[in-house]
file work-v3.txt (compact mmCIF, N, CA and C atoms)
# COMPACT_ATOMS: atom_id res chain seq x y z
N GLN P 273 59.95 -28.85 -5.20
CA GLN P 273 60.57 -28.13 -6.30
C GLN P 273 60.49 -28.99 -7.56
N VAL P 274 59.80 -28.46 -8.57
CA VAL P 274 59.67 -29.19 -9.83
C VAL P 274 60.90 -28.93 -10.67
N GLN P 275 61.62 -29.97 -11.00
CA GLN P 275 62.80 -29.82 -11.86
C GLN P 275 62.93 -31.06 -12.74
N LEU P 276 63.07 -30.84 -14.02
CA LEU P 276 63.14 -31.92 -14.99
C LEU P 276 64.49 -31.90 -15.70
N GLU P 277 64.85 -33.04 -16.27
CA GLU P 277 66.10 -33.15 -17.00
C GLU P 277 65.85 -33.89 -18.30
N GLU P 278 66.28 -33.27 -19.39
CA GLU P 278 66.10 -33.86 -20.72
C GLU P 278 67.38 -34.58 -21.16
N SER P 279 67.20 -35.62 -21.97
CA SER P 279 68.34 -36.32 -22.56
C SER P 279 67.90 -36.99 -23.85
N GLY P 280 68.89 -37.48 -24.60
CA GLY P 280 68.60 -38.27 -25.79
C GLY P 280 68.79 -37.55 -27.11
N GLY P 281 69.15 -36.28 -27.07
CA GLY P 281 69.37 -35.56 -28.31
C GLY P 281 70.64 -36.01 -29.01
N GLY P 282 70.85 -35.48 -30.21
CA GLY P 282 72.05 -35.81 -30.95
C GLY P 282 71.94 -35.36 -32.39
N LEU P 283 72.89 -35.84 -33.19
CA LEU P 283 72.93 -35.55 -34.62
C LEU P 283 72.35 -36.73 -35.38
N VAL P 284 71.41 -36.46 -36.26
CA VAL P 284 70.78 -37.53 -37.03
C VAL P 284 70.54 -37.04 -38.45
N GLN P 285 70.57 -37.96 -39.40
CA GLN P 285 70.33 -37.61 -40.79
C GLN P 285 68.83 -37.42 -41.04
N PRO P 286 68.48 -36.65 -42.04
CA PRO P 286 67.06 -36.52 -42.40
C PRO P 286 66.44 -37.89 -42.62
N GLY P 287 65.23 -38.05 -42.09
CA GLY P 287 64.55 -39.34 -42.15
C GLY P 287 64.84 -40.25 -40.99
N GLY P 288 65.79 -39.87 -40.16
CA GLY P 288 66.17 -40.69 -39.02
C GLY P 288 65.27 -40.50 -37.82
N SER P 289 65.64 -41.16 -36.73
CA SER P 289 64.82 -41.16 -35.51
C SER P 289 65.68 -40.88 -34.28
N LEU P 290 65.03 -40.30 -33.30
CA LEU P 290 65.63 -40.11 -31.98
C LEU P 290 64.55 -40.30 -30.93
N ARG P 291 64.97 -40.72 -29.74
CA ARG P 291 64.04 -40.85 -28.62
C ARG P 291 64.55 -39.99 -27.48
N LEU P 292 63.79 -38.98 -27.16
CA LEU P 292 64.14 -38.10 -26.06
C LEU P 292 63.50 -38.58 -24.76
N SER P 293 64.19 -38.31 -23.66
CA SER P 293 63.67 -38.67 -22.35
C SER P 293 63.62 -37.46 -21.45
N CYS P 294 62.63 -37.45 -20.59
CA CYS P 294 62.44 -36.38 -19.60
C CYS P 294 62.30 -37.05 -18.25
N LEU P 295 63.24 -36.76 -17.36
CA LEU P 295 63.29 -37.45 -16.07
C LEU P 295 63.09 -36.46 -14.94
N ALA P 296 62.30 -36.86 -13.95
CA ALA P 296 62.15 -36.10 -12.72
C ALA P 296 62.79 -36.89 -11.60
N SER P 297 63.64 -36.25 -10.84
CA SER P 297 64.34 -36.97 -9.79
C SER P 297 63.90 -36.58 -8.39
N GLU P 298 63.26 -35.44 -8.24
CA GLU P 298 62.94 -34.94 -6.91
C GLU P 298 61.45 -34.94 -6.60
N PHE P 299 60.60 -35.34 -7.55
CA PHE P 299 59.17 -35.33 -7.31
C PHE P 299 58.54 -36.38 -8.22
N SER P 300 57.28 -36.70 -7.97
CA SER P 300 56.58 -37.67 -8.79
C SER P 300 55.92 -37.00 -9.98
N LEU P 301 56.25 -37.50 -11.18
CA LEU P 301 55.69 -36.94 -12.40
C LEU P 301 54.21 -37.23 -12.58
N LYS P 302 53.69 -38.23 -11.90
CA LYS P 302 52.36 -38.72 -12.23
C LYS P 302 51.26 -37.71 -11.96
N TYR P 303 51.56 -36.68 -11.18
CA TYR P 303 50.55 -35.67 -10.88
C TYR P 303 50.50 -34.54 -11.90
N TYR P 304 51.39 -34.60 -12.89
CA TYR P 304 51.54 -33.46 -13.81
C TYR P 304 51.40 -33.87 -15.26
N ALA P 305 50.72 -33.03 -16.02
CA ALA P 305 50.85 -33.12 -17.46
C ALA P 305 52.25 -32.64 -17.84
N ILE P 306 52.86 -33.32 -18.78
CA ILE P 306 54.21 -32.98 -19.22
C ILE P 306 54.18 -32.62 -20.70
N ALA P 307 54.83 -31.52 -21.02
CA ALA P 307 54.87 -31.07 -22.41
C ALA P 307 56.32 -30.98 -22.88
N TRP P 308 56.49 -31.19 -24.16
CA TRP P 308 57.77 -30.93 -24.83
C TRP P 308 57.62 -29.66 -25.65
N PHE P 309 58.64 -28.83 -25.56
CA PHE P 309 58.77 -27.63 -26.38
C PHE P 309 60.11 -27.69 -27.09
N ARG P 310 60.27 -26.86 -28.09
CA ARG P 310 61.56 -26.76 -28.75
C ARG P 310 61.82 -25.31 -29.13
N GLN P 311 63.09 -25.00 -29.25
CA GLN P 311 63.47 -23.64 -29.62
C GLN P 311 64.66 -23.69 -30.55
N ALA P 312 64.45 -23.19 -31.75
CA ALA P 312 65.52 -23.08 -32.74
C ALA P 312 66.17 -21.71 -32.62
N PRO P 313 67.41 -21.58 -33.07
CA PRO P 313 68.09 -20.28 -32.98
C PRO P 313 67.29 -19.17 -33.64
N GLY P 314 67.11 -18.08 -32.92
CA GLY P 314 66.41 -16.93 -33.47
C GLY P 314 64.91 -17.06 -33.52
N LYS P 315 64.38 -18.16 -32.97
CA LYS P 315 62.93 -18.36 -32.99
C LYS P 315 62.38 -18.48 -31.58
N GLU P 316 61.07 -18.29 -31.46
CA GLU P 316 60.41 -18.43 -30.17
C GLU P 316 60.27 -19.90 -29.80
N ARG P 317 60.10 -20.13 -28.50
CA ARG P 317 59.86 -21.49 -28.03
C ARG P 317 58.52 -21.98 -28.58
N GLU P 318 58.54 -23.21 -29.09
CA GLU P 318 57.39 -23.75 -29.82
C GLU P 318 56.92 -25.03 -29.15
N GLY P 319 55.61 -25.17 -28.93
CA GLY P 319 55.06 -26.38 -28.35
C GLY P 319 55.13 -27.54 -29.32
N VAL P 320 55.50 -28.72 -28.81
CA VAL P 320 55.64 -29.92 -29.63
C VAL P 320 54.55 -30.94 -29.30
N SER P 321 54.45 -31.29 -28.01
CA SER P 321 53.50 -32.33 -27.62
C SER P 321 53.26 -32.25 -26.12
N CYS P 322 52.12 -32.80 -25.71
CA CYS P 322 51.77 -32.83 -24.29
C CYS P 322 51.08 -34.15 -23.97
N ILE P 323 51.34 -34.67 -22.77
CA ILE P 323 50.67 -35.87 -22.32
C ILE P 323 50.11 -35.61 -20.92
N SER P 324 48.88 -36.07 -20.69
CA SER P 324 48.25 -35.86 -19.39
C SER P 324 48.95 -36.69 -18.31
N GLY P 325 48.65 -36.37 -17.06
CA GLY P 325 49.28 -37.06 -15.95
C GLY P 325 49.04 -38.57 -15.96
N ARG P 326 47.87 -38.96 -16.37
CA ARG P 326 47.53 -40.39 -16.42
C ARG P 326 48.00 -41.04 -17.71
N GLY P 327 48.40 -40.21 -18.67
CA GLY P 327 48.84 -40.74 -19.95
C GLY P 327 47.72 -41.09 -20.90
N ASP P 328 46.50 -40.69 -20.59
CA ASP P 328 45.36 -41.10 -21.42
C ASP P 328 44.99 -40.06 -22.47
N THR P 329 45.64 -38.93 -22.45
CA THR P 329 45.38 -37.88 -23.43
C THR P 329 46.71 -37.32 -23.92
N THR P 330 46.82 -37.19 -25.24
CA THR P 330 48.02 -36.62 -25.84
C THR P 330 47.64 -35.57 -26.87
N TYR P 331 48.51 -34.61 -27.04
CA TYR P 331 48.32 -33.55 -28.02
C TYR P 331 49.64 -33.36 -28.78
N TYR P 332 49.50 -32.97 -30.03
CA TYR P 332 50.66 -32.73 -30.87
C TYR P 332 50.45 -31.45 -31.67
N ALA P 333 51.55 -30.74 -31.89
CA ALA P 333 51.50 -29.65 -32.85
C ALA P 333 51.28 -30.25 -34.24
N ASP P 334 50.64 -29.48 -35.10
CA ASP P 334 50.25 -30.02 -36.42
C ASP P 334 51.44 -30.58 -37.19
N SER P 335 52.57 -29.91 -37.13
CA SER P 335 53.71 -30.33 -37.95
C SER P 335 54.38 -31.60 -37.42
N MET P 336 54.05 -32.01 -36.20
CA MET P 336 54.63 -33.21 -35.61
C MET P 336 53.66 -34.40 -35.63
N GLU P 337 52.39 -34.12 -35.87
CA GLU P 337 51.38 -35.19 -35.85
C GLU P 337 51.76 -36.29 -36.83
N GLY P 338 51.77 -37.52 -36.34
CA GLY P 338 52.09 -38.65 -37.19
C GLY P 338 53.57 -39.00 -37.23
N ARG P 339 54.43 -38.09 -36.82
CA ARG P 339 55.88 -38.36 -36.82
C ARG P 339 56.40 -38.54 -35.40
N PHE P 340 55.82 -37.83 -34.45
CA PHE P 340 56.28 -37.87 -33.07
C PHE P 340 55.26 -38.60 -32.21
N THR P 341 55.75 -39.32 -31.20
CA THR P 341 54.87 -40.00 -30.26
C THR P 341 55.36 -39.72 -28.84
N ILE P 342 54.46 -39.21 -28.01
CA ILE P 342 54.80 -38.96 -26.62
C ILE P 342 54.23 -40.09 -25.77
N SER P 343 54.99 -40.48 -24.76
CA SER P 343 54.54 -41.54 -23.87
C SER P 343 55.12 -41.29 -22.48
N ARG P 344 54.59 -42.00 -21.51
CA ARG P 344 55.13 -41.83 -20.16
C ARG P 344 55.10 -43.15 -19.42
N ASP P 345 56.06 -43.28 -18.51
CA ASP P 345 56.13 -44.42 -17.60
C ASP P 345 56.20 -43.83 -16.20
N ASN P 346 55.07 -43.73 -15.55
CA ASN P 346 55.04 -43.09 -14.24
C ASN P 346 55.80 -43.89 -13.18
N ASP P 347 55.89 -45.20 -13.38
CA ASP P 347 56.67 -46.01 -12.43
C ASP P 347 58.16 -45.64 -12.48
N LYS P 348 58.61 -45.25 -13.67
CA LYS P 348 60.01 -44.85 -13.84
C LYS P 348 60.18 -43.33 -13.82
N ASN P 349 59.05 -42.64 -13.58
CA ASN P 349 59.11 -41.18 -13.48
C ASN P 349 59.70 -40.52 -14.72
N THR P 350 59.30 -41.05 -15.87
CA THR P 350 59.91 -40.63 -17.13
C THR P 350 58.85 -40.41 -18.20
N VAL P 351 59.10 -39.41 -19.03
CA VAL P 351 58.30 -39.17 -20.23
C VAL P 351 59.23 -39.24 -21.43
N HIS P 352 58.76 -39.86 -22.49
CA HIS P 352 59.57 -40.00 -23.70
C HIS P 352 58.92 -39.28 -24.87
N LEU P 353 59.76 -38.87 -25.81
CA LEU P 353 59.28 -38.34 -27.08
C LEU P 353 60.02 -39.09 -28.18
N GLN P 354 59.30 -39.97 -28.86
CA GLN P 354 59.85 -40.70 -30.00
C GLN P 354 59.66 -39.86 -31.24
N MET P 355 60.75 -39.55 -31.90
CA MET P 355 60.69 -38.69 -33.07
C MET P 355 61.16 -39.48 -34.29
N ASN P 356 60.29 -39.64 -35.25
CA ASN P 356 60.61 -40.36 -36.48
C ASN P 356 60.52 -39.43 -37.68
N SER P 357 61.07 -39.87 -38.80
CA SER P 357 61.02 -39.10 -40.04
C SER P 357 61.47 -37.66 -39.80
N LEU P 358 62.59 -37.52 -39.13
CA LEU P 358 63.06 -36.19 -38.77
C LEU P 358 63.47 -35.39 -40.00
N LYS P 359 63.23 -34.09 -39.90
CA LYS P 359 63.53 -33.15 -40.98
C LYS P 359 64.52 -32.10 -40.48
N PRO P 360 65.25 -31.46 -41.37
CA PRO P 360 66.17 -30.41 -40.93
C PRO P 360 65.48 -29.32 -40.12
N GLU P 361 64.23 -29.04 -40.42
CA GLU P 361 63.51 -28.00 -39.67
C GLU P 361 63.14 -28.43 -38.25
N ASP P 362 63.39 -29.69 -37.91
CA ASP P 362 63.19 -30.14 -36.53
C ASP P 362 64.40 -29.81 -35.65
N THR P 363 65.45 -29.31 -36.25
CA THR P 363 66.65 -28.94 -35.50
C THR P 363 66.32 -27.85 -34.48
N ALA P 364 66.63 -28.13 -33.21
CA ALA P 364 66.30 -27.20 -32.13
C ALA P 364 66.81 -27.79 -30.82
N VAL P 365 66.76 -26.98 -29.78
CA VAL P 365 66.92 -27.50 -28.42
C VAL P 365 65.53 -27.88 -27.92
N TYR P 366 65.42 -29.09 -27.43
CA TYR P 366 64.14 -29.62 -26.96
C TYR P 366 64.11 -29.60 -25.43
N TYR P 367 62.99 -29.11 -24.90
CA TYR P 367 62.80 -29.00 -23.46
C TYR P 367 61.52 -29.72 -23.04
N CYS P 368 61.53 -30.25 -21.82
CA CYS P 368 60.28 -30.73 -21.25
C CYS P 368 59.95 -29.86 -20.03
N ALA P 369 58.68 -29.83 -19.70
CA ALA P 369 58.23 -29.01 -18.58
C ALA P 369 56.91 -29.57 -18.05
N ALA P 370 56.61 -29.25 -16.80
CA ALA P 370 55.42 -29.75 -16.13
C ALA P 370 54.37 -28.66 -16.03
N ASP P 371 53.12 -29.03 -16.27
CA ASP P 371 52.04 -28.07 -16.14
C ASP P 371 51.97 -27.56 -14.70
N ARG P 372 51.81 -26.27 -14.54
CA ARG P 372 51.82 -25.67 -13.21
C ARG P 372 50.64 -26.10 -12.34
N LEU P 373 49.53 -26.47 -12.97
CA LEU P 373 48.31 -26.75 -12.21
C LEU P 373 48.06 -28.23 -11.95
N GLY P 374 48.68 -29.12 -12.73
CA GLY P 374 48.43 -30.52 -12.48
C GLY P 374 48.41 -31.38 -13.72
N GLY P 375 47.48 -32.35 -13.75
CA GLY P 375 47.56 -33.43 -14.71
C GLY P 375 46.86 -33.23 -16.04
N ILE P 376 46.31 -32.07 -16.30
CA ILE P 376 45.58 -31.84 -17.54
C ILE P 376 46.43 -31.00 -18.50
N CYS P 377 46.51 -31.44 -19.76
CA CYS P 377 47.19 -30.64 -20.77
C CYS P 377 46.33 -29.42 -21.09
N ARG P 378 46.91 -28.25 -20.96
CA ARG P 378 46.17 -27.03 -21.23
C ARG P 378 46.63 -26.36 -22.50
N GLY P 379 47.25 -27.13 -23.36
CA GLY P 379 47.62 -26.61 -24.66
C GLY P 379 49.11 -26.39 -24.79
N LEU P 380 49.52 -26.11 -26.00
CA LEU P 380 50.94 -25.97 -26.33
C LEU P 380 51.30 -24.55 -26.73
N ALA P 381 50.35 -23.64 -26.65
CA ALA P 381 50.59 -22.29 -27.14
C ALA P 381 51.28 -21.39 -26.13
N SER P 382 51.27 -21.80 -24.86
CA SER P 382 51.74 -20.90 -23.81
C SER P 382 52.77 -21.57 -22.90
N PRO P 383 54.05 -21.38 -23.19
CA PRO P 383 55.08 -21.96 -22.31
C PRO P 383 54.95 -21.50 -20.86
N GLN P 384 54.36 -20.33 -20.63
CA GLN P 384 54.27 -19.83 -19.26
C GLN P 384 53.35 -20.67 -18.39
N LEU P 385 52.57 -21.57 -18.97
CA LEU P 385 51.72 -22.47 -18.21
C LEU P 385 52.52 -23.58 -17.55
N TYR P 386 53.79 -23.70 -17.93
CA TYR P 386 54.61 -24.82 -17.50
C TYR P 386 55.82 -24.33 -16.70
N ASN P 387 56.35 -25.21 -15.84
CA ASN P 387 57.58 -24.88 -15.12
C ASN P 387 58.43 -26.14 -14.99
N GLY P 388 59.54 -25.99 -14.28
CA GLY P 388 60.46 -27.12 -14.11
C GLY P 388 61.35 -27.36 -15.30
N TRP P 389 61.54 -26.35 -16.11
CA TRP P 389 62.33 -26.49 -17.33
C TRP P 389 63.76 -26.95 -17.01
N GLY P 390 64.23 -27.91 -17.82
CA GLY P 390 65.61 -28.33 -17.69
C GLY P 390 66.51 -27.52 -18.60
N GLN P 391 67.72 -28.02 -18.82
CA GLN P 391 68.68 -27.33 -19.69
C GLN P 391 68.41 -27.59 -21.16
N GLY P 392 67.60 -28.58 -21.45
CA GLY P 392 67.30 -28.91 -22.83
C GLY P 392 68.30 -29.90 -23.41
N THR P 393 67.91 -30.49 -24.53
CA THR P 393 68.79 -31.41 -25.25
C THR P 393 68.77 -31.03 -26.72
N GLN P 394 69.96 -30.94 -27.31
CA GLN P 394 70.09 -30.47 -28.69
C GLN P 394 69.77 -31.59 -29.66
N VAL P 395 68.90 -31.29 -30.61
CA VAL P 395 68.61 -32.20 -31.72
C VAL P 395 69.02 -31.50 -33.01
N THR P 396 69.90 -32.15 -33.76
CA THR P 396 70.36 -31.60 -35.02
C THR P 396 70.08 -32.60 -36.13
N VAL P 397 69.32 -32.17 -37.13
CA VAL P 397 68.98 -33.04 -38.26
C VAL P 397 69.70 -32.48 -39.49
N SER P 398 70.70 -33.23 -39.94
CA SER P 398 71.52 -32.73 -41.03
C SER P 398 72.21 -33.89 -41.72
N SER P 399 72.42 -33.75 -43.03
CA SER P 399 73.15 -34.76 -43.76
C SER P 399 74.63 -34.41 -43.82
call {"tool": "encode", "arguments": {"input": "work-v3.txt", "output": "structure tokens"}}
result
Amino acid sequence: QVQLEESGGGLVQPGGSLRLSCLASEFSLKYYAIAWFRQAPGKEREGVSCISGRGDTTYYADSMEGRFTISRDNDKNTVHLQMNSLKPEDTAVYYCAADRLGGICRGLASPQLYNGWGQGTQVTVSS
């Protein structure tokens, strides 16, 4: 059973930073590409970033490129999302999920390609 848990959200001022974590406790993450998505109130779930199972390939949505960095530590069964230069429009609930087929990122446009969604972690960027 693929199940992930997100943590690390909070309230931060514009221009600030947060580091989100995605932890798997019941299975090994190393076989799966892991993606971060976010969902703001009244909006559809939006792809943020994806990292391959081996960690050698990463993808970012255009608006996050250069500000966000995804990484993974397979020994600790954890994926991180470092978010810098945060903007009010980054406010959302952030979720991580595992690719249904395995270790290759298949894009950020289709949340249905992923499973194991956790409860999410709230990120609020406000002064």
call {"tool": "closest_residue", "arguments": {"input": "work-v3.txt", "among": "P:Val397, P:Asp334, P:Gly388, P:Gly375", "to": "Pro286 in chain P", "atoms": "only C-alpha atoms"}}
result
P:Val397
call {"tool": "atom_distance", "arguments": {"input": "work-v3.txt", "atom1": "CA of Trp389 in chain P", "atom2": "atom N of Gln354 in chain P"}}
result
18.0 Å
call {"tool": "closest_residue", "arguments": {"input": "work-v3.txt", "among": "P:Phe299, P:Tyr367, P:Tyr386, P:Trp308", "to": "Val274 in chain P", "atoms": "only C-alpha atoms"}}
result
P:Phe299
call {"tool": "residues_around", "arguments": {"input": "work-v3.txt", "residues": "Ala296 in chain P", "least_positions_apart": "2", "cutoff": "8 Å", "atoms": "all atoms listed in the file", "output": "PDB file with N, CA and C atoms, keeping the file's coordinate frame"}}
result
ATOM      1  N   VAL P 274      59.800 -28.460  -8.570  1.00  0.00           N
ATOM      2  CA  VAL P 274      59.670 -29.190  -9.830  1.00  0.00           C
ATOM      3  C   VAL P 274      60.900 -28.930 -10.670  1.00  0.00           C
ATOM      4  N   GLN P 275      61.620 -29.970 -11.000  1.00  0.00           N
ATOM      5  CA  GLN P 275      62.800 -29.820 -11.860  1.00  0.00           C
ATOM      6  C   GLN P 275      62.930 -31.060 -12.740  1.00  0.00           C
ATOM      7  N   LEU P 276      63.070 -30.840 -14.020  1.00  0.00           N
ATOM      8  CA  LEU P 276      63.140 -31.920 -14.990  1.00  0.00           C
ATOM      9  C   LEU P 276      64.490 -31.900 -15.700  1.00  0.00           C
ATOM     10  N   GLU P 277      64.850 -33.040 -16.270  1.00  0.00           N
ATOM     11  CA  GLU P 277      66.100 -33.150 -17.000  1.00  0.00           C
ATOM     12  C   GLU P 277      65.850 -33.890 -18.300  1.00  0.00           C
ATOM     13  N   GLU P 278      66.280 -33.270 -19.390  1.00  0.00           N
ATOM     14  CA  GLU P 278      66.100 -33.860 -20.720  1.00  0.00           C
ATOM     15  C   GLU P 278      67.380 -34.580 -21.160  1.00  0.00           C
ATOM     16  N   SER P 293      64.190 -38.310 -23.660  1.00  0.00           N
ATOM     17  CA  SER P 293      63.670 -38.670 -22.350  1.00  0.00           C
ATOM     18  C   SER P 293      63.620 -37.460 -21.450  1.00  0.00           C
ATOM     19  N   CYS P 294      62.630 -37.450 -20.590  1.00  0.00           N
ATOM     20  CA  CYS P 294      62.440 -36.380 -19.600  1.00  0.00           C
ATOM     21  C   CYS P 294      62.300 -37.050 -18.250  1.00  0.00           C
ATOM     22  N   GLU P 298      63.260 -35.440  -8.240  1.00  0.00           N
ATOM     23  CA  GLU P 298      62.940 -34.940  -6.910  1.00  0.00           C
ATOM     24  C   GLU P 298      61.450 -34.940  -6.600  1.00  0.00           C
ATOM     25  N   PHE P 299      60.600 -35.340  -7.550  1.00  0.00           N
ATOM     26  CA  PHE P 299      59.170 -35.330  -7.310  1.00  0.00           C
ATOM     27  C   PHE P 299      58.540 -36.380  -8.220  1.00  0.00           C
ATOM     28  N   SER P 300      57.280 -36.700  -7.970  1.00  0.00           N
ATOM     29  CA  SER P 300      56.580 -37.670  -8.790  1.00  0.00           C
ATOM     30  C   SER P 300      55.920 -37.000  -9.980  1.00  0.00           C
ATOM     31  N   LEU P 301      56.250 -37.500 -11.180  1.00  0.00           N
ATOM     32  CA  LEU P 301      55.690 -36.940 -12.400  1.00  0.00           C
ATOM     33  C   LEU P 301      54.210 -37.230 -12.580  1.00  0.00           C
ATOM     34  N   LYS P 348      58.610 -45.250 -13.670  1.00  0.00           N
ATOM     35  CA  LYS P 348      60.010 -44.850 -13.840  1.00  0.00           C
ATOM     36  C   LYS P 348      60.180 -43.330 -13.820  1.00  0.00           C
ATOM     37  N   ASN P 349      59.050 -42.640 -13.580  1.00  0.00           N
ATOM     38  CA  ASN P 349      59.110 -41.180 -13.480  1.00  0.00           C
ATOM     39  C   ASN P 349      59.700 -40.520 -14.720  1.00  0.00           C
ATOM     40  N   THR P 350      59.300 -41.050 -15.870  1.00  0.00           N
ATOM     41  CA  THR P 350      59.910 -40.630 -17.130  1.00  0.00           C
ATOM     42  C   THR P 350      58.850 -40.410 -18.200  1.00  0.00           C
ATOM     43  N   VAL P 351      59.100 -39.410 -19.030  1.00  0.00           N
ATOM     44  CA  VAL P 351      58.300 -39.170 -20.230  1.00  0.00           C
ATOM     45  C   VAL P 351      59.230 -39.240 -21.430  1.00  0.00           C
TER      46      VAL P 351
END
call {"tool": "atom_distance", "arguments": {"input": "work-v3.txt", "atom1": "atom C of Leu283 in chain P", "atom2": "atom N of Ser382 in chain P"}}
result
27.9 Å
call {"tool": "decode", "arguments": {"input": "work-v3.txt", "residues": "range 280-287 of chain P", "atoms": "all heavy atoms", "output": "mmCIF file, in the first residue's frame"}}
result
data_model
loop_
_atom_site.group_PDB
_atom_site.id
_atom_site.type_symbol
_atom_site.label_atom_id
_atom_site.label_comp_id
_atom_site.auth_asym_id
_atom_site.auth_seq_id
_atom_site.Cartn_x
_atom_site.Cartn_y
_atom_site.Cartn_z
ATOM 1 N N GLY P 280 6.093 20.121 7.036
ATOM 2 C CA GLY P 280 6.994 21.247 6.834
ATOM 3 C C GLY P 280 6.333 22.543 6.406
ATOM 4 O O GLY P 280 7.008 23.568 6.275
ATOM 5 N N GLY P 281 5.032 22.525 6.208
ATOM 6 C CA GLY P 281 4.350 23.752 5.826
ATOM 7 C C GLY P 281 4.272 24.744 6.969
ATOM 8 O O GLY P 281 4.653 24.450 8.098
ATOM 9 N N GLY P 282 3.769 25.935 6.662
ATOM 10 C CA GLY P 282 3.621 26.948 7.688
ATOM 11 C C GLY P 282 3.339 28.302 7.076
ATOM 12 O O GLY P 282 3.065 28.423 5.889
ATOM 13 N N LEU P 283 3.425 29.316 7.933
ATOM 14 C CA LEU P 283 3.221 30.698 7.520
ATOM 15 C C LEU P 283 4.577 31.358 7.323
ATOM 16 O O LEU P 283 5.438 31.306 8.225
ATOM 17 C CB LEU P 283 2.411 31.445 8.580
ATOM 18 C CG LEU P 283 2.248 32.946 8.381
ATOM 19 C CD1 LEU P 283 1.456 33.249 7.122
ATOM 20 C CD2 LEU P 283 1.570 33.556 9.618
ATOM 21 N N VAL P 284 4.770 31.991 6.188
ATOM 22 C CA VAL P 284 6.042 32.641 5.893
ATOM 23 C C VAL P 284 5.773 33.949 5.160
ATOM 24 O O VAL P 284 4.779 34.071 4.445
ATOM 25 C CB VAL P 284 6.946 31.693 5.058
ATOM 26 C CG1 VAL P 284 6.330 31.390 3.716
ATOM 27 C CG2 VAL P 284 8.344 32.257 4.923
ATOM 28 N N GLN P 285 6.650 34.914 5.350
ATOM 29 C CA GLN P 285 6.506 36.199 4.671
ATOM 30 C C GLN P 285 6.971 36.086 3.219
ATOM 31 O O GLN P 285 7.798 35.226 2.883
ATOM 32 C CB GLN P 285 7.310 37.265 5.402
ATOM 33 C CG GLN P 285 6.779 37.608 6.771
ATOM 34 C CD GLN P 285 7.523 38.775 7.400
ATOM 35 O OE1 GLN P 285 8.624 39.131 6.979
ATOM 36 N NE2 GLN P 285 6.913 39.378 8.403
ATOM 37 N N PRO P 286 6.460 36.944 2.367
ATOM 38 C CA PRO P 286 6.952 36.959 0.978
ATOM 39 C C PRO P 286 8.468 37.094 0.942
ATOM 40 O O PRO P 286 9.051 37.883 1.695
ATOM 41 C CB PRO P 286 6.260 38.184 0.383
ATOM 42 C CG PRO P 286 5.005 38.322 1.169
ATOM 43 C CD PRO P 286 5.365 37.909 2.572
ATOM 44 N N GLY P 287 9.080 36.310 0.068
ATOM 45 C CA GLY P 287 10.536 36.275 -0.017
ATOM 46 C C GLY P 287 11.183 35.247 0.885
ATOM 47 O O GLY P 287 12.391 34.993 0.769
#
